[in-house]
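Note: the block below is structure-v7.cif and it holds mmCIF, C-alpha atoms.
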data_run
loop_
_atom_site.group_PDB
_atom_site.id
_atom_site.type_symbol
_atom_site.label_atom_id
_atom_site.label_comp_id
_atom_site.auth_asym_id
_atom_site.auth_seq_id
_atom_site.Cartn_x
_atom_site.Cartn_y
_atom_site.Cartn_z
ATOM 1 C CA MET J 1 -3.360 -16.585 -5.273
ATOM 2 C CA THR J 2 -4.300 -15.567 -1.743
ATOM 3 C CA ASN J 3 -1.673 -15.624 0.963
ATOM 4 C CA SER J 4 -3.166 -17.598 3.827
ATOM 5 C CA ARG J 5 -0.545 -16.527 6.371
ATOM 6 C CA LYS J 6 -2.050 -14.463 9.120
ATOM 7 C CA LEU J 7 -0.948 -11.980 11.699
ATOM 8 C CA PRO J 8 -2.141 -12.540 15.240
ATOM 9 C CA ARG J 9 -5.343 -10.708 16.110
ATOM 10 C CA ARG J 10 -4.920 -7.853 18.524
ATOM 11 C CA SER J 11 -7.683 -6.035 20.283
ATOM 12 C CA SER J 12 -7.983 -2.361 19.523
ATOM 13 C CA PHE J 13 -10.446 0.319 20.445
ATOM 14 C CA HIS J 14 -10.370 2.083 17.090
ATOM 15 C CA ARG J 15 -9.357 1.486 13.525
ATOM 16 C CA SER J 16 -6.695 3.519 11.784
ATOM 17 C CA ALA J 17 -7.485 6.008 9.046
ATOM 18 C CA ALA J 18 -10.018 5.094 6.381
ATOM 19 C CA ASP J 19 -9.332 2.775 3.500
ATOM 20 C CA TYR J 20 -9.637 3.975 -0.099
ATOM 21 C CA GLU J 21 -13.438 3.536 -0.171
ATOM 22 C CA GLY J 22 -13.652 5.582 3.028
ATOM 23 C CA ILE J 23 -11.809 8.402 1.270
ATOM 24 C CA ILE J 24 -14.398 8.375 -1.538
ATOM 25 C CA ASP J 25 -17.252 8.416 1.013
ATOM 26 C CA SER J 26 -15.647 11.328 2.871
ATOM 27 C CA PHE J 27 -15.221 13.288 -0.354
ATOM 28 C CA GLU J 28 -18.928 12.898 -1.120
ATOM 29 C CA THR J 29 -19.888 13.911 2.424
ATOM 30 C CA VAL J 30 -17.720 17.046 2.309
ATOM 31 C CA SER J 31 -19.090 17.983 -1.138
ATOM 32 C CA LYS J 32 -22.624 17.863 0.263
ATOM 33 C CA ALA J 33 -21.687 19.706 3.461
ATOM 34 C CA VAL J 34 -20.206 22.666 1.587
ATOM 35 C CA GLY J 35 -23.076 22.849 -0.885
ATOM 36 C CA LYS J 36 -20.990 21.665 -3.853
ATOM 37 C CA GLU J 37 -22.587 18.276 -4.421
ATOM 38 C CA GLU J 38 -22.875 18.735 -8.197
ATOM 39 C CA LYS J 39 -19.257 19.886 -8.574
ATOM 40 C CA GLY J 40 -18.183 17.088 -6.235
ATOM 41 C CA GLN J 41 -19.910 14.495 -8.411
ATOM 42 C CA GLU J 42 -18.208 15.950 -11.490
ATOM 43 C CA VAL J 43 -14.777 15.737 -9.828
ATOM 44 C CA LEU J 44 -15.547 12.231 -8.565
ATOM 45 C CA GLU J 45 -16.536 11.056 -12.050
ATOM 46 C CA GLU J 46 -13.242 12.405 -13.435
ATOM 47 C CA HIS J 47 -11.388 10.589 -10.668
ATOM 48 C CA LYS J 48 -13.218 7.315 -11.330
ATOM 49 C CA SER J 49 -12.378 7.613 -15.020
ATOM 50 C CA LYS J 50 -8.702 8.152 -14.196
ATOM 51 C CA MET J 51 -8.758 5.171 -11.837
ATOM 52 C CA GLU J 52 -10.204 2.981 -14.611
ATOM 53 C CA GLU J 53 -7.401 4.123 -16.928
ATOM 54 C CA LEU J 54 -4.840 3.182 -14.292
ATOM 55 C CA ARG J 55 -6.532 -0.175 -13.659
ATOM 56 C CA ALA J 56 -6.331 -0.907 -17.380
ATOM 57 C CA GLU J 57 -2.527 -0.625 -17.160
ATOM 58 C CA VAL J 58 -2.346 -3.612 -14.793
ATOM 59 C CA PRO J 59 -2.257 -6.878 -16.749
ATOM 60 C CA GLU J 60 -5.258 -9.141 -16.120
ATOM 61 C CA ASP J 61 -2.918 -12.007 -15.228
ATOM 62 C CA GLU J 62 -1.003 -10.006 -12.596
ATOM 63 C CA SER J 63 -0.330 -12.413 -9.738
ATOM 64 C CA ARG J 64 2.452 -10.761 -7.754
ATOM 65 C CA THR J 65 1.788 -9.826 -4.145
ATOM 66 C CA VAL J 66 2.776 -6.382 -2.929
ATOM 67 C CA LEU J 67 3.747 -5.107 0.496
ATOM 68 C CA PRO J 68 3.660 -1.364 1.152
ATOM 69 C CA ALA J 69 5.409 -0.383 4.390
ATOM 70 C CA VAL J 70 6.800 2.569 6.268
ATOM 71 C CA VAL J 71 10.397 1.709 7.107
ATOM 72 C CA ALA J 72 12.080 3.562 9.927
ATOM 73 C CA ASP J 73 14.884 3.106 12.419
ATOM 74 C CA SER J 74 12.220 2.035 14.915
ATOM 75 C CA GLY J 75 10.801 -0.753 12.750
ATOM 76 C CA TYR J 76 9.048 -2.039 9.658
ATOM 77 C CA PHE J 77 5.390 -0.961 9.586
ATOM 78 C CA ALA J 78 3.550 -3.039 6.999
ATOM 79 C CA HIS J 79 0.242 -1.851 5.539
ATOM 80 C CA ASN J 80 -2.257 -4.673 5.120
ATOM 81 C CA PHE J 81 -5.040 -5.030 2.541
ATOM 82 C CA GLU J 82 -7.441 -2.862 4.578
ATOM 83 C CA SER J 83 -5.060 0.071 5.004
ATOM 84 C CA TYR J 84 -5.454 3.118 2.799
ATOM 85 C CA THR J 85 -2.445 2.283 0.600
ATOM 86 C CA GLY J 86 -3.117 -1.458 0.676
ATOM 87 C CA SER J 87 -6.770 -1.089 -0.331
ATOM 88 C CA LEU J 88 -5.828 1.437 -3.003
ATOM 89 C CA LEU J 89 -3.337 -0.956 -4.613
ATOM 90 C CA GLU J 90 -5.881 -3.767 -4.370
ATOM 91 C CA SER J 91 -8.461 -1.571 -6.133
ATOM 92 C CA ILE J 92 -6.446 -1.922 -9.343
ATOM 93 C CA GLY J 93 -5.711 -5.623 -9.003
ATOM 94 C CA LEU J 94 -2.496 -5.712 -6.935
ATOM 95 C CA GLU J 95 -2.925 -8.212 -4.102
ATOM 96 C CA ASN J 96 -1.484 -7.252 -0.735
ATOM 97 C CA ALA J 97 0.787 -9.847 0.854
ATOM 98 C CA ILE J 98 -0.989 -9.380 4.208
ATOM 99 C CA GLN J 99 -4.621 -10.433 3.962
ATOM 100 C CA SER J 100 -5.383 -10.586 7.674
ATOM 101 C CA GLY J 101 -4.957 -8.990 11.074
ATOM 102 C CA ASP J 102 -6.947 -6.575 13.185
ATOM 103 C CA ASP J 103 -4.580 -3.691 12.569
ATOM 104 C CA ARG J 104 -4.225 -2.025 9.209
ATOM 105 C CA TYR J 105 -0.663 -1.004 10.050
ATOM 106 C CA ASN J 106 1.456 -3.747 11.594
ATOM 107 C CA LYS J 107 4.959 -3.580 13.016
ATOM 108 C CA ILE J 108 6.478 -6.792 11.730
ATOM 109 C CA ASN J 109 9.894 -8.360 11.972
ATOM 110 C CA LEU J 110 12.192 -9.861 9.375
ATOM 111 C CA GLU J 111 10.982 -13.405 9.995
ATOM 112 C CA GLN J 112 7.397 -12.316 9.280
ATOM 113 C CA ILE J 113 8.485 -10.645 6.044
ATOM 114 C CA VAL J 114 10.148 -13.893 5.013
ATOM 115 C CA GLU J 115 6.927 -15.747 5.851
ATOM 116 C CA PHE J 116 4.734 -13.331 3.850
ATOM 117 C CA ASP J 117 7.343 -13.398 1.057
ATOM 118 C CA PRO J 118 5.999 -10.509 -1.046
ATOM 119 C CA ASP J 119 6.907 -10.337 -4.716
ATOM 120 C CA VAL J 120 7.138 -6.534 -4.581
ATOM 121 C CA MET J 121 7.843 -4.171 -1.686
ATOM 122 C CA PHE J 122 7.137 -0.439 -1.656
ATOM 123 C CA HIS J 123 9.165 1.214 1.105
ATOM 124 C CA MET J 124 8.055 4.580 2.462
ATOM 125 C CA VAL J 125 11.326 5.635 4.063
ATOM 126 C CA ALA J 126 11.246 7.603 7.323
ATOM 127 C CA GLY J 127 14.657 8.976 8.256
ATOM 128 C CA ASP J 128 18.208 8.534 7.096
ATOM 129 C CA LYS J 129 18.707 5.113 8.605
ATOM 130 C CA THR J 130 16.118 2.335 8.743
ATOM 131 C CA VAL J 131 15.774 -1.208 9.994
ATOM 132 C CA VAL J 132 16.086 -2.353 6.358
ATOM 133 C CA ASP J 133 19.649 -0.979 6.291
ATOM 134 C CA GLU J 134 20.454 -3.481 9.046
ATOM 135 C CA TRP J 135 18.660 -6.316 7.254
ATOM 136 C CA LYS J 136 20.352 -5.898 3.868
ATOM 137 C CA GLU J 137 23.317 -8.036 4.977
ATOM 138 C CA ASN J 138 21.088 -10.684 6.558
ATOM 139 C CA ASP J 139 20.643 -13.962 4.676
ATOM 140 C CA LEU J 140 16.952 -14.053 5.652
ATOM 141 C CA TYR J 141 16.291 -10.709 3.958
ATOM 142 C CA GLN J 142 18.073 -11.944 0.845
ATOM 143 C CA GLN J 143 15.577 -14.877 0.684
ATOM 144 C CA VAL J 144 12.553 -12.585 0.213
ATOM 145 C CA THR J 145 11.306 -12.831 -3.374
ATOM 146 C CA ALA J 146 11.070 -9.041 -3.792
ATOM 147 C CA VAL J 147 14.705 -8.678 -2.741
ATOM 148 C CA LYS J 148 15.917 -11.566 -4.932
ATOM 149 C CA GLU J 149 14.023 -10.190 -7.940
ATOM 150 C CA GLU J 150 15.113 -6.581 -7.276
ATOM 151 C CA GLN J 151 11.495 -5.498 -6.821
ATOM 152 C CA VAL J 152 12.003 -3.265 -3.744
ATOM 153 C CA TYR J 153 11.100 0.355 -4.434
ATOM 154 C CA GLU J 154 11.546 3.439 -2.288
ATOM 155 C CA VAL J 155 8.536 5.705 -2.656
ATOM 156 C CA ASP J 156 7.594 9.111 -1.257
ATOM 157 C CA ARG J 157 6.466 8.608 2.339
ATOM 158 C CA ASN J 158 4.310 11.726 2.412
ATOM 159 C CA MET J 159 2.425 10.788 -0.743
ATOM 160 C CA TRP J 160 2.088 7.091 0.064
ATOM 161 C CA SER J 161 1.356 7.157 3.778
ATOM 162 C CA ARG J 162 0.248 10.612 4.894
ATOM 163 C CA PHE J 163 -1.786 12.239 2.163
ATOM 164 C CA ARG J 164 -5.379 11.088 1.704
ATOM 165 C CA GLY J 165 -7.483 12.179 -1.213
ATOM 166 C CA LEU J 166 -8.409 11.766 -4.840
ATOM 167 C CA ILE J 167 -5.278 13.348 -6.305
ATOM 168 C CA SER J 168 -2.881 11.515 -3.980
ATOM 169 C CA SER J 169 -4.660 8.230 -4.766
ATOM 170 C CA GLU J 170 -4.050 8.776 -8.453
ATOM 171 C CA LYS J 171 -0.405 9.756 -7.865
ATOM 172 C CA ILE J 172 0.278 6.672 -5.728
ATOM 173 C CA LEU J 173 -1.112 4.390 -8.421
ATOM 174 C CA GLU J 174 0.784 6.187 -11.185
ATOM 175 C CA ASP J 175 3.959 5.725 -9.144
ATOM 176 C CA ALA J 176 3.262 2.028 -8.507
ATOM 177 C CA ILE J 177 2.502 1.377 -12.169
ATOM 178 C CA ASP J 178 5.668 3.212 -13.259
ATOM 179 C CA HIS J 179 7.746 0.974 -10.979
ATOM 180 C CA LEU J 180 5.997 -2.254 -11.902
ATOM 181 C CA TYR J 181 5.523 -1.892 -15.659
ATOM 182 C CA GLU J 182 8.240 0.457 -16.844
#
Please render this file's structure as structure tokens.
Amino acid sequence: MTNSRKLPRRSSFHRSAADYEGIIDSFETVSKAVGKEEKGQEVLEEHKSKMEELRAEVPEDESRTVLPAVVADSGYFAHNFESYTGSLLESIGLENAIQSGDDRYNKINLEQIVEFDPDVMFHMVAGDKTVVDEWKENDLYQQVTAVKEEQVYEVDRNMWSRFRGLISSEKILEDAIDHLYE
């Protein structure tokens, strides 16, 4: 089930940080650059094996859409399917609710969240108070499937939105799977 709703296209001079595949490419490049190509391939094979194990924990018929986002006092910053976290979740069969847009990280409002209507939301909380605290009493927020089904999870912002690498990729997926299939 692909969500056909789209964000408006915005021009930008550069793309945000690499997606998950870009992280793998960078790891291989660094391994070669430091003369550790063989060790790098060994580590990468272990990582790929771990990723396959994690993928196997996601049911084949999984159809829920997910929306990872940094939530702060200044706004709700949704990560689309091309973002690092979005592409990582998609790599194991979890479809991102946002399948469009020029920007990988989009500041969206409550009405857009209602329109995307994700089944699951992963909130990377930034600060003591966030825009979601304001929305919790709003009837629109209560209409979102993830909210109605109690599928809104607070996750570690550093791990989910700042760290980039093989180990953090595995940890993010372990965390997601623990929340979704506990």
Contacts of J:Leu110 at 10 Å (all atoms listed in the file; same-chain gap of 6+ positions) as a list of chain:residue names: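 Using all atoms listed in the file, the neighbours found are J:Gly75, J:Tyr76, J:Phe116, J:Val131, J:Val132, J:Trp135, J:Asn138, J:Leu140, J:Tyr141, J:Val144.
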Atom pair atom CA of J:Asp175 / atom CA of J:Val58: separation (Å): 12.6 Å
Best match for closeness to J:Glu21 among J:Gly86, J:Pro118, J:Gly40, J:Gly127, counting all atoms listed in the file: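 Closest to J:Glu21, using all atoms listed in the file: J:Gly86.
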The residues within 7 Å of (-0.4, -8.2, -8.7), using all atoms listed in the file and the coordinates of the file, should be reported as a JSON list (two decimals) with C-alpha atoms, in the frame of the given file; which are they?
[["chain", "number", "residue", "atom", "x", "y", "z"],
["J", 62, "GLU", "CA", -1.00, -10.01, -12.60],
["J", 63, "SER", "CA", -0.33, -12.41, -9.74],
["J", 64, "ARG", "CA", 2.45, -10.76, -7.75],
["J", 65, "THR", "CA", 1.79, -9.83, -4.14],
["J", 66, "VAL", "CA", 2.78, -6.38, -2.93],
["J", 93, "GLY", "CA", -5.71, -5.62, -9.00],
["J", 94, "LEU", "CA", -2.50, -5.71, -6.94],
["J", 95, "GLU", "CA", -2.92, -8.21, -4.10]]
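Applied to the shown file, the PyMOL selection byres ((chain J and resi 28) around 12) selects the residues Glu21, Gly22, Ile23, Ile24, Asp25, Ser26, Phe27, Thr29, Val30, Ser31, Lys32, Ala33, Val34, Gly35, Lys36, Glu37, Glu38, Lys39, Gly40, Gln41, Glu42, Val43, Leu44, Glu45, Gly165 and Leu166 of chain J.
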Residue IDs satisfying the PyMOL selection byres ((chain J and resi 157) around 8), as a list in words: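 After applying the PyMOL selection byres ((chain J and resi 157) around 8), what remains is Val70, His123, Met124, Val125, Ala126, Val155, Asp156, Asn158, Met159, Trp160, Ser161 and Arg162 of chain J.
Separating atom CA of J:Ile98 from atom CA of J:Val71 is a distance of 16.2 Å.
Across the model, the gap from atom CA of J:Ala97 to atom CA of J:Ile113 is 9.3 Å.
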Distance query 10 Å from (6.1, -0.9, -9.2) using all atoms listed in the file, result as a list of chain:residue names: J:Val66, J:Val120, J:Met121, J:Phe122, J:Gln151, J:Val152, J:Tyr153, J:Glu154, J:Val155, J:Leu173, J:Glu174, J:Asp175, J:Ala176, J:Ile177, J:Asp178, J:His179, J:Leu180, J:Tyr181, J:Glu182
Distance criterion (all atoms listed in the file): nearest to J:Tyr84 out of J:Asn109, J:Glu149, J:Lys50, J:Ala69: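 Closest to J:Tyr84, using all atoms listed in the file: J:Ala69.
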Contacts of J:His79 at 8 Å (all atoms listed in the file; same-chain gap of 2+ positions) as a list of chain:residue names: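 Those residues are J:Leu67, J:Pro68, J:Ala69, J:Val70, J:Phe77, J:Phe81, J:Glu82, J:Ser83, J:Thr85, J:Gly86, J:Ile98, J:Arg104, J:Tyr105, J:Asn106.
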Find the axis-aligned box for stretch 41-53 of chain J, covering all its listed atoms and adding 6 Å on each side, and write its centre and edge lengths in Å to one decimal as lines of an AutoDock Vina configuration file.
center_x = -13.7
center_y = 9.5
center_z = -12.7
size_x = 24.5
size_y = 25.0
size_z = 20.5
Using all atoms listed in the file: which of J:Glu137, J:Tyr20, J:Asp73, J:Leu89 has the shortest distance to J:Phe163: J:Tyr20
Nearest to J:Lys129, chosen from J:Glu170, J:Ala72, J:Glu53, J:Lys48, with only C-alpha atoms counted in the distances: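 The answer is J:Ala72, which sits nearest to J:Lys129.
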